[in-house]
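First up is the structure itself, then whatever we jot down about it.
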Amino acid sequence: MATKQKTKSLKSTGNDLADTFFQLDVLNGKQVSDAKFPAFANKIGEVGFPTLTVTEIEIFQLNIGKLCNQTCTHCHVDAGPDRKEENMDKAMLEKCLKFIAEVPTIHTVDITGGAPEMNPHFRWFVEECTKLGKKVIDRCNLTIIVANKKYHDMPEFLAKHKVHIISSLPYFAEGKTDSQRGDGVFEASIKALKMLNDVGYGKNDPDLVLDLVYNPNGAFLPDDQDSLQTLFKRKLSTKFDIVFNDLYAITNLPIARFLDYLLQSGNYEEYMEKLVNAFNPATVEGLMCRNTISVSWEGYLHDCDFNQMLDLKVATKGSQHLDDFDIEKLRARNIVLNQHCYGCTAGAGSSCGGELT
Amino acid sequence: MRKMADKSYFKPEDLKKFGDISKWSENLGTKFFEYYGEVFKEGALTAREKALIALAVSHAVQCPYCIDAYTNTCVQKGAEEEEMMEAVHVAAAIKSGATLVYGVQMMNHNDKISM
């Protein structure tokens, strides 16, 4: 099914924000906007966290590549069909497997992108991870399943390996979905969801979990997760006979294309103010960076996927890459913080698993 | 001298200062905000339904602060654009009906003074 791109990647248009240093300057009031907000590191210091430390390394999240069949307007990865070079190769995936196998506390391998399924080694990697007895998450954009014949059997493949599917669907109707993700995306997503339901996903089988991710379609924070889940379940069930397990409400972080949208639409300062004012100390304990290691397609290590996209590597001297990882150093590291972190501590909190409180 | 163009009775940033009304009458202000918070909690009506009602009333009372605030709330709560516009039409229908129903008074009076 054809979808029409809503925008182009920052990289392809030569946007200043394609430079991560420039993004950090914007977030710190040195470029574009002179708005200054309290330093996030100080903010969490005030509530009892002079540093943010690792609780345990339990989730190995790899951004397998920036190649995607969509170019969503809010994408923090700046992914798209043009990002063909930034794709993890098999040698690097083997290094990932070595890391995963050597760290027994890792129980979950969380594969994101881009569209992870577009990586030519995706299926092989999933099989290897399941052989290691690890739970695998595929952050699937849904439309890839129907984008090309070679992905049409993806639901059966994922079901065979009991892969936990987490899929983005920002709304239960066409208008708001397509305005964020591209024309035709809603229709293609519904078709893909039906295919996933048909192989048993989202129903009663605890091994075939299909969760949806809601992220706001603009410069506002998500409502509470339970209410949105109830609404999505009712709408998708009555309108399309689609079922899913849980809905994760995720806040848009002010980086990459969402930052570009905020600046272009004149919403940047007000949005940052919303995030800062909604700072919730109760979210800090459960922040995802505390039990996650995030690996880039080149093998560099980061505290989370957002830090990865800002090129903020782990603060672990001599162990910032899969080639020289030192698990004890990684466990003892302090998390690298910056102003975008307010996105994860606003309101009920936000993580790759939804709300934190 | 201040230019006339600078004078505006409605400033969006004033909405953020709404809480300041308690400064001059703390007891009443506090009671109002407690009541307000209680009204909008999930109850026999969902918080989403209450937001749509509030959006309609905001238009009826033509409060620009309320329109901004409850547009935000409705969107945040996943309200569909059609639902929001229908809510505004409900307000408009009541407002126009409330005007038109005086037509009966007009007709009554016309009958009274006419031969």
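Here, A, B, ... name the chains of the structure tokens in the order displayed, residue numbers run from 1 inside each chain, and ligands are numbered from 1 in the same displayed order.
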* To do: Please report as JSON, numbers by chain which residues of chain B come no farther than 10 Å from chain A, using only C-alpha atoms.
  => {"B": [46, 47, 48, 72, 73, 74, 75, 76, 77, 78, 79, 80, 81]}
For N, CA and C atoms, I'd like the residues from the last selection saved as a CSV table (one decimal), in the first residue's frame.
chain,number,residue,atom,x,y,z
B,46,THR,N,-17.6,11.4,32.1
B,46,THR,CA,-16.1,11.3,32.0
B,46,THR,C,-15.5,12.7,32.0
B,47,ALA,N,-14.2,12.7,32.3
B,47,ALA,CA,-13.5,14.0,32.2
B,47,ALA,C,-13.5,14.5,30.8
B,48,ARG,N,-13.5,13.6,29.8
B,48,ARG,CA,-13.5,14.0,28.4
B,48,ARG,C,-14.9,14.6,28.1
B,72,ASN,N,-7.4,23.0,24.3
B,72,ASN,CA,-6.2,22.2,24.7
B,72,ASN,C,-6.7,20.9,25.4
B,73,THR,N,-7.6,21.1,26.4
B,73,THR,CA,-8.0,19.9,27.2
B,73,THR,C,-8.7,18.9,26.3
B,74,CYS,N,-9.6,19.3,25.4
B,74,CYS,CA,-10.3,18.4,24.5
B,74,CYS,C,-9.3,17.6,23.6
B,75,VAL,N,-8.4,18.4,23.0
B,75,VAL,CA,-7.4,17.7,22.1
B,75,VAL,C,-6.6,16.7,22.9
B,76,GLN,N,-6.1,17.1,24.1
B,76,GLN,CA,-5.3,16.3,25.0
B,76,GLN,C,-6.1,15.0,25.4
B,77,LYS,N,-7.4,15.1,25.5
B,77,LYS,CA,-8.2,14.0,25.9
B,77,LYS,C,-8.7,13.1,24.7
B,78,GLY,N,-8.1,13.5,23.5
B,78,GLY,CA,-8.4,12.6,22.4
B,78,GLY,C,-9.7,12.9,21.7
B,79,ALA,N,-10.3,14.1,22.0
B,79,ALA,CA,-11.6,14.4,21.3
B,79,ALA,C,-11.4,14.6,19.8
B,80,GLU,N,-12.3,14.2,19.1
B,80,GLU,CA,-12.3,14.3,17.6
B,80,GLU,C,-12.7,15.7,17.2
B,81,GLU,N,-12.1,16.2,16.1
B,81,GLU,CA,-12.5,17.5,15.7
B,81,GLU,C,-14.0,17.7,15.4
Give me, as a short mmCIF file (atom, residue, chain, number, x, y, z; two decimals) with C-alpha atoms, in the first residue's frame, all polymer residues having an atom no more than 10 Å from Tyr268 (chain A), counting only C-alpha atoms and skipping those fewer than 2 positions away in the same chain.
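Saved the output as selection-v9.cif:
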data_model
loop_
_atom_site.label_atom_id
_atom_site.label_comp_id
_atom_site.auth_asym_id
_atom_site.auth_seq_id
_atom_site.Cartn_x
_atom_site.Cartn_y
_atom_site.Cartn_z
CA VAL A 26 18.70 25.59 20.89
CA LEU A 27 17.68 23.60 23.97
CA SER A 33 15.42 31.06 20.93
CA ALA A 35 14.44 31.30 26.27
CA ALA A 219 2.45 20.84 21.04
CA PRO A 254 11.84 18.47 21.86
CA PHE A 258 9.60 17.60 16.61
CA LEU A 259 11.94 20.39 17.68
CA ASP A 260 11.80 21.70 14.12
CA TYR A 261 7.99 21.61 14.24
CA LEU A 262 7.97 23.47 17.58
CA LEU A 263 10.26 26.17 16.25
CA GLN A 264 8.51 26.53 12.90
CA SER A 265 5.05 26.70 14.48
CA GLY A 266 6.07 29.18 17.20
CA GLU A 270 5.40 27.45 25.40
CA TYR A 271 5.98 23.71 25.00
CA MET A 272 9.22 23.81 26.99
CA GLU A 273 7.43 25.81 29.66
CA LYS A 274 4.73 23.11 29.78
#
List every residue of region 200-226 of chain A that has an atom at most 10 Å from any atom of region 139-144 of chain A, giving for each one its closest atom pair and the distance in Å to one decimal, counting only C-alpha atoms, sorted by chain and then by ascending residue number, as a Markdown table.
| residue | atom | partner | partner_atom | distance |
| --- | --- | --- | --- | --- |
| A:Asp211 | CA | A:Arg139 | CA | 9.6 |
| A:Leu212 | CA | A:Arg139 | CA | 9.6 |
| A:Val213 | CA | A:Arg139 | CA | 9.5 |
Given the selection you just returned, output its residues as a file containing N, CA and C atoms, formatted as a short mmCIF file (atom, residue, chain, number, x, y, z; two decimals), in the first residue's frame.
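Just written: selection30.cif:
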data_model
loop_
_atom_site.label_atom_id
_atom_site.label_comp_id
_atom_site.auth_asym_id
_atom_site.auth_seq_id
_atom_site.Cartn_x
_atom_site.Cartn_y
_atom_site.Cartn_z
N ASP A 211 1.09 -3.96 21.70
CA ASP A 211 0.81 -2.70 22.40
C ASP A 211 0.89 -1.55 21.40
N LEU A 212 0.11 -0.54 21.67
CA LEU A 212 0.14 0.64 20.80
C LEU A 212 0.78 1.82 21.53
N VAL A 213 1.39 2.68 20.76
CA VAL A 213 1.99 3.89 21.33
C VAL A 213 1.21 5.10 20.83
#
* Just the residues within 9 Å of Tyr300 (chain A), please, counting only C-alpha atoms, with nothing from its chain fewer than 4 positions along; format it as a list in words. => Ser294, Val295, Ser296, Gln308, Lys313, Val314, Gln320, His321, Leu322 and Asp323 of chain A
Written file, previous selection with N, CA and C atoms, as a CSV table (one decimal), in the first residue's frame:
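What follows is the written file selection.csv:
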chain,number,residue,atom,x,y,z
A,294,SER,N,21.4,1.9,25.2
A,294,SER,CA,20.9,2.2,23.9
A,294,SER,C,22.1,2.2,22.9
A,295,VAL,N,22.0,1.4,21.9
A,295,VAL,CA,23.1,1.2,21.0
A,295,VAL,C,22.8,1.7,19.6
A,296,SER,N,23.7,2.5,19.0
A,296,SER,CA,23.5,3.1,17.7
A,296,SER,C,23.8,2.1,16.6
A,308,GLN,N,20.9,9.2,22.2
A,308,GLN,CA,21.6,8.7,21.0
A,308,GLN,C,21.4,9.7,19.8
A,313,LYS,N,26.9,10.4,24.1
A,313,LYS,CA,27.3,9.0,24.4
A,313,LYS,C,27.4,8.8,25.9
A,314,VAL,N,27.4,7.5,26.3
A,314,VAL,CA,27.5,7.3,27.8
A,314,VAL,C,28.7,7.9,28.4
A,320,GLN,N,32.6,3.3,25.4
A,320,GLN,CA,31.5,4.0,24.8
A,320,GLN,C,31.1,3.3,23.5
A,321,HIS,N,31.7,2.2,23.3
A,321,HIS,CA,31.4,1.4,22.0
A,321,HIS,C,31.3,-0.1,22.3
A,322,LEU,N,30.6,-0.8,21.5
A,322,LEU,CA,30.5,-2.2,21.7
A,322,LEU,C,31.9,-2.9,21.6
A,323,ASP,N,32.8,-2.3,20.9
A,323,ASP,CA,34.1,-2.9,20.8
A,323,ASP,C,34.9,-2.9,22.1
* Asked: What residues in chain B get the DSSP label alpha helix (DSSP H)? Please answer as a PyMOL selection string.
  -> chain B and resi 26-39+47-60+64-76+81-100+102-113
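By chain and then residue number, the residues within 10 Å of region 152-159 of chain A are Glu117, Arg123, Val126, Glu127, Val136, Ile137, Asp138, Ile144, Ile145, Val146, Ile165, Ala192, Leu193, Met195, Leu196, Asn197, Asp198, Val199, Gly200, Tyr201, Asp207, Leu208 and Val209 of chain A, counting only C-alpha atoms and disregarding those fewer than 6 positions away in sequence.
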Go ahead and write the residues just picked, N, CA and C atoms, as a short mmCIF file (atom, residue, chain, number, x, y, z; two decimals), in the first residue's frame.
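Saved the output as out.cif:
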data_model
loop_
_atom_site.label_atom_id
_atom_site.label_comp_id
_atom_site.auth_asym_id
_atom_site.auth_seq_id
_atom_site.Cartn_x
_atom_site.Cartn_y
_atom_site.Cartn_z
N GLU A 117 12.39 -3.57 10.54
CA GLU A 117 12.22 -4.71 9.62
C GLU A 117 12.92 -4.48 8.29
N ARG A 123 15.54 -10.39 10.56
CA ARG A 123 14.96 -11.70 10.93
C ARG A 123 16.02 -12.60 11.58
N VAL A 126 16.60 -11.42 15.16
CA VAL A 126 15.50 -11.80 16.07
C VAL A 126 15.66 -13.29 16.45
N GLU A 127 15.94 -14.11 15.46
CA GLU A 127 16.09 -15.55 15.73
C GLU A 127 17.22 -15.80 16.72
N VAL A 136 12.11 -10.35 22.94
CA VAL A 136 12.41 -9.39 21.88
C VAL A 136 11.21 -8.45 21.67
N ILE A 137 11.52 -7.17 21.58
CA ILE A 137 10.50 -6.16 21.24
C ILE A 137 10.82 -5.63 19.85
N ASP A 138 9.80 -5.55 19.02
CA ASP A 138 9.94 -4.91 17.72
C ASP A 138 9.08 -3.65 17.73
N ILE A 144 4.94 -0.79 7.44
CA ILE A 144 5.98 -1.56 6.75
C ILE A 144 5.46 -2.95 6.38
N ILE A 145 4.55 -3.48 7.21
CA ILE A 145 4.01 -4.82 6.96
C ILE A 145 3.28 -4.89 5.61
N VAL A 146 2.64 -3.79 5.23
CA VAL A 146 1.88 -3.81 3.98
C VAL A 146 2.58 -3.01 2.87
N ILE A 165 5.23 -6.83 20.06
CA ILE A 165 5.15 -5.74 19.08
C ILE A 165 4.65 -4.47 19.76
N ALA A 192 -2.63 -3.41 8.61
CA ALA A 192 -1.57 -4.17 9.29
C ALA A 192 -2.04 -4.67 10.66
N LEU A 193 -2.79 -3.85 11.37
CA LEU A 193 -3.30 -4.28 12.68
C LEU A 193 -4.23 -5.49 12.52
N MET A 195 -4.01 -7.71 10.20
CA MET A 195 -3.15 -8.87 9.89
C MET A 195 -2.52 -9.41 11.18
N LEU A 196 -2.14 -8.50 12.08
CA LEU A 196 -1.55 -8.93 13.35
C LEU A 196 -2.60 -9.61 14.22
N ASN A 197 -3.80 -9.07 14.25
CA ASN A 197 -4.90 -9.72 14.99
C ASN A 197 -5.17 -11.10 14.41
N ASP A 198 -5.11 -11.22 13.09
CA ASP A 198 -5.42 -12.50 12.44
C ASP A 198 -4.47 -13.62 12.84
N VAL A 199 -3.22 -13.27 13.18
CA VAL A 199 -2.29 -14.33 13.62
C VAL A 199 -2.30 -14.47 15.14
N GLY A 200 -3.18 -13.74 15.80
CA GLY A 200 -3.35 -13.91 17.26
C GLY A 200 -2.81 -12.80 18.12
N TYR A 201 -2.20 -11.80 17.52
CA TYR A 201 -1.67 -10.67 18.32
C TYR A 201 -2.79 -9.83 18.93
N ASP A 207 1.83 -14.68 24.92
CA ASP A 207 3.07 -14.64 24.13
C ASP A 207 2.96 -13.73 22.91
N LEU A 208 1.74 -13.31 22.58
CA LEU A 208 1.56 -12.49 21.38
C LEU A 208 0.99 -11.13 21.78
N VAL A 209 1.90 -10.32 22.30
CA VAL A 209 1.48 -9.02 22.85
C VAL A 209 1.62 -7.94 21.78
#
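Of the residues under consideration (B:Tyr35, B:His89, B:Asp68, B:Ser25), B:His89 shows the shortest atom-to-atom contact distance to Ala56 (chain B) when counting only C-alpha atoms.
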* region 184-353 of chain A: which residues are strand (DSSP E or B) by DSSP, as a ChimeraX atom specification? -> /A:210-214,247-249,279,292-295,300-302,313,321,334,346,351
Dump C-alpha atoms for the selected residues as a short mmCIF file (atom, residue, chain, number, x, y, z; two decimals), in the first residue's frame?
data_model
loop_
_atom_site.label_atom_id
_atom_site.label_comp_id
_atom_site.auth_asym_id
_atom_site.auth_seq_id
_atom_site.Cartn_x
_atom_site.Cartn_y
_atom_site.Cartn_z
CA LEU A 210 0.53 -6.07 20.68
CA ASP A 211 0.81 -2.70 22.40
CA LEU A 212 0.14 0.64 20.80
CA VAL A 213 1.99 3.89 21.33
CA TYR A 214 0.08 7.15 21.46
CA LEU A 247 -1.62 1.66 25.08
CA TYR A 248 1.51 3.59 26.03
CA ALA A 249 1.15 7.36 26.22
CA PHE A 279 8.08 18.31 36.17
CA THR A 292 18.58 0.62 29.54
CA ILE A 293 21.58 0.71 27.30
CA SER A 294 20.93 2.19 23.88
CA VAL A 295 23.14 1.19 20.96
CA TYR A 300 28.10 3.49 20.13
CA LEU A 301 26.52 3.28 23.56
CA HIS A 302 24.03 5.79 24.95
CA LYS A 313 27.30 8.99 24.40
CA HIS A 321 31.39 1.44 22.04
CA ASN A 334 26.06 8.53 35.67
CA ALA A 346 6.56 15.77 32.73
CA SER A 351 9.32 6.22 28.59
#
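Counting from CA of Thr316 (chain A), the distance to CA of Asp303 (chain A) is 10.6 Å.
Take CA of Thr108 (chain A) and CA of Ser189 (chain A): the distance between them is 25.5 Å.
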* Who sits within 12 Å of Asp82 (chain A), only C-alpha atoms, same chain under 6 positions skipped, as a VMD selection string -> chain A and resid 5 7 to 13 65 to 71 114
* Polymer residues at most 10 Å from Met309 (chain A), only C-alpha atoms, same-chain spacing of 6 or more positions, as a PyMOL selection string -> chain A and resi 18+20+63+76-78+255-256+296+302
Residue subset to file, keeping N, CA and C atoms, as a compact mmCIF listing (two decimals), in the first residue's frame:
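The resulting result29.txt:
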# COMPACT_ATOMS: atom_id res chain seq x y z
N ALA A 18 19.85 19.32 11.77
CA ALA A 18 20.48 18.02 11.50
C ALA A 18 21.79 17.89 12.29
N THR A 20 23.56 17.92 15.67
CA THR A 20 23.11 17.71 17.06
C THR A 20 23.63 18.80 18.00
N ASN A 63 19.10 0.76 18.13
CA ASN A 63 18.53 1.46 16.99
C ASN A 63 19.24 0.90 15.78
N HIS A 76 11.97 11.72 16.19
CA HIS A 76 13.17 12.16 16.92
C HIS A 76 14.44 11.55 16.34
N VAL A 77 14.26 10.56 15.46
CA VAL A 77 15.41 9.88 14.85
C VAL A 77 15.81 10.57 13.54
N ASP A 78 14.90 11.39 13.02
CA ASP A 78 15.07 11.98 11.69
C ASP A 78 15.21 10.87 10.65
N ILE A 255 13.26 17.27 20.32
CA ILE A 255 14.50 17.09 19.56
C ILE A 255 14.14 16.76 18.10
N ALA A 256 15.12 16.90 17.24
CA ALA A 256 15.03 16.57 15.81
C ALA A 256 13.78 17.17 15.15
N SER A 296 23.70 2.50 19.02
CA SER A 296 23.45 3.08 17.69
C SER A 296 23.85 2.09 16.59
N HIS A 302 24.70 4.58 24.45
CA HIS A 302 24.03 5.79 24.95
C HIS A 302 23.09 5.39 26.09
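Within 10 Å of His59 (chain B), once only C-alpha atoms are used and residues closer than 3 positions along the same chain are dropped, the contacting residues are Ala54, Leu55, Ala56, Gln62, Cys63, Pro64, Cys66, Ile67, Ala87, Val88, His89, Val90, Ala91, Ala92 and Lys95 of chain B.
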* **For CA of Ile94 (chain B) and CA of Ala69 (chain B), the interatomic separation in Å (one decimal)** => 21.7 Å
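Ranking A:Cys75, A:Cys129, A:Ile59, A:Val284 by their shortest atom-to-atom distance to Leu93 (chain A), with only C-alpha atoms included, puts A:Cys129 first.
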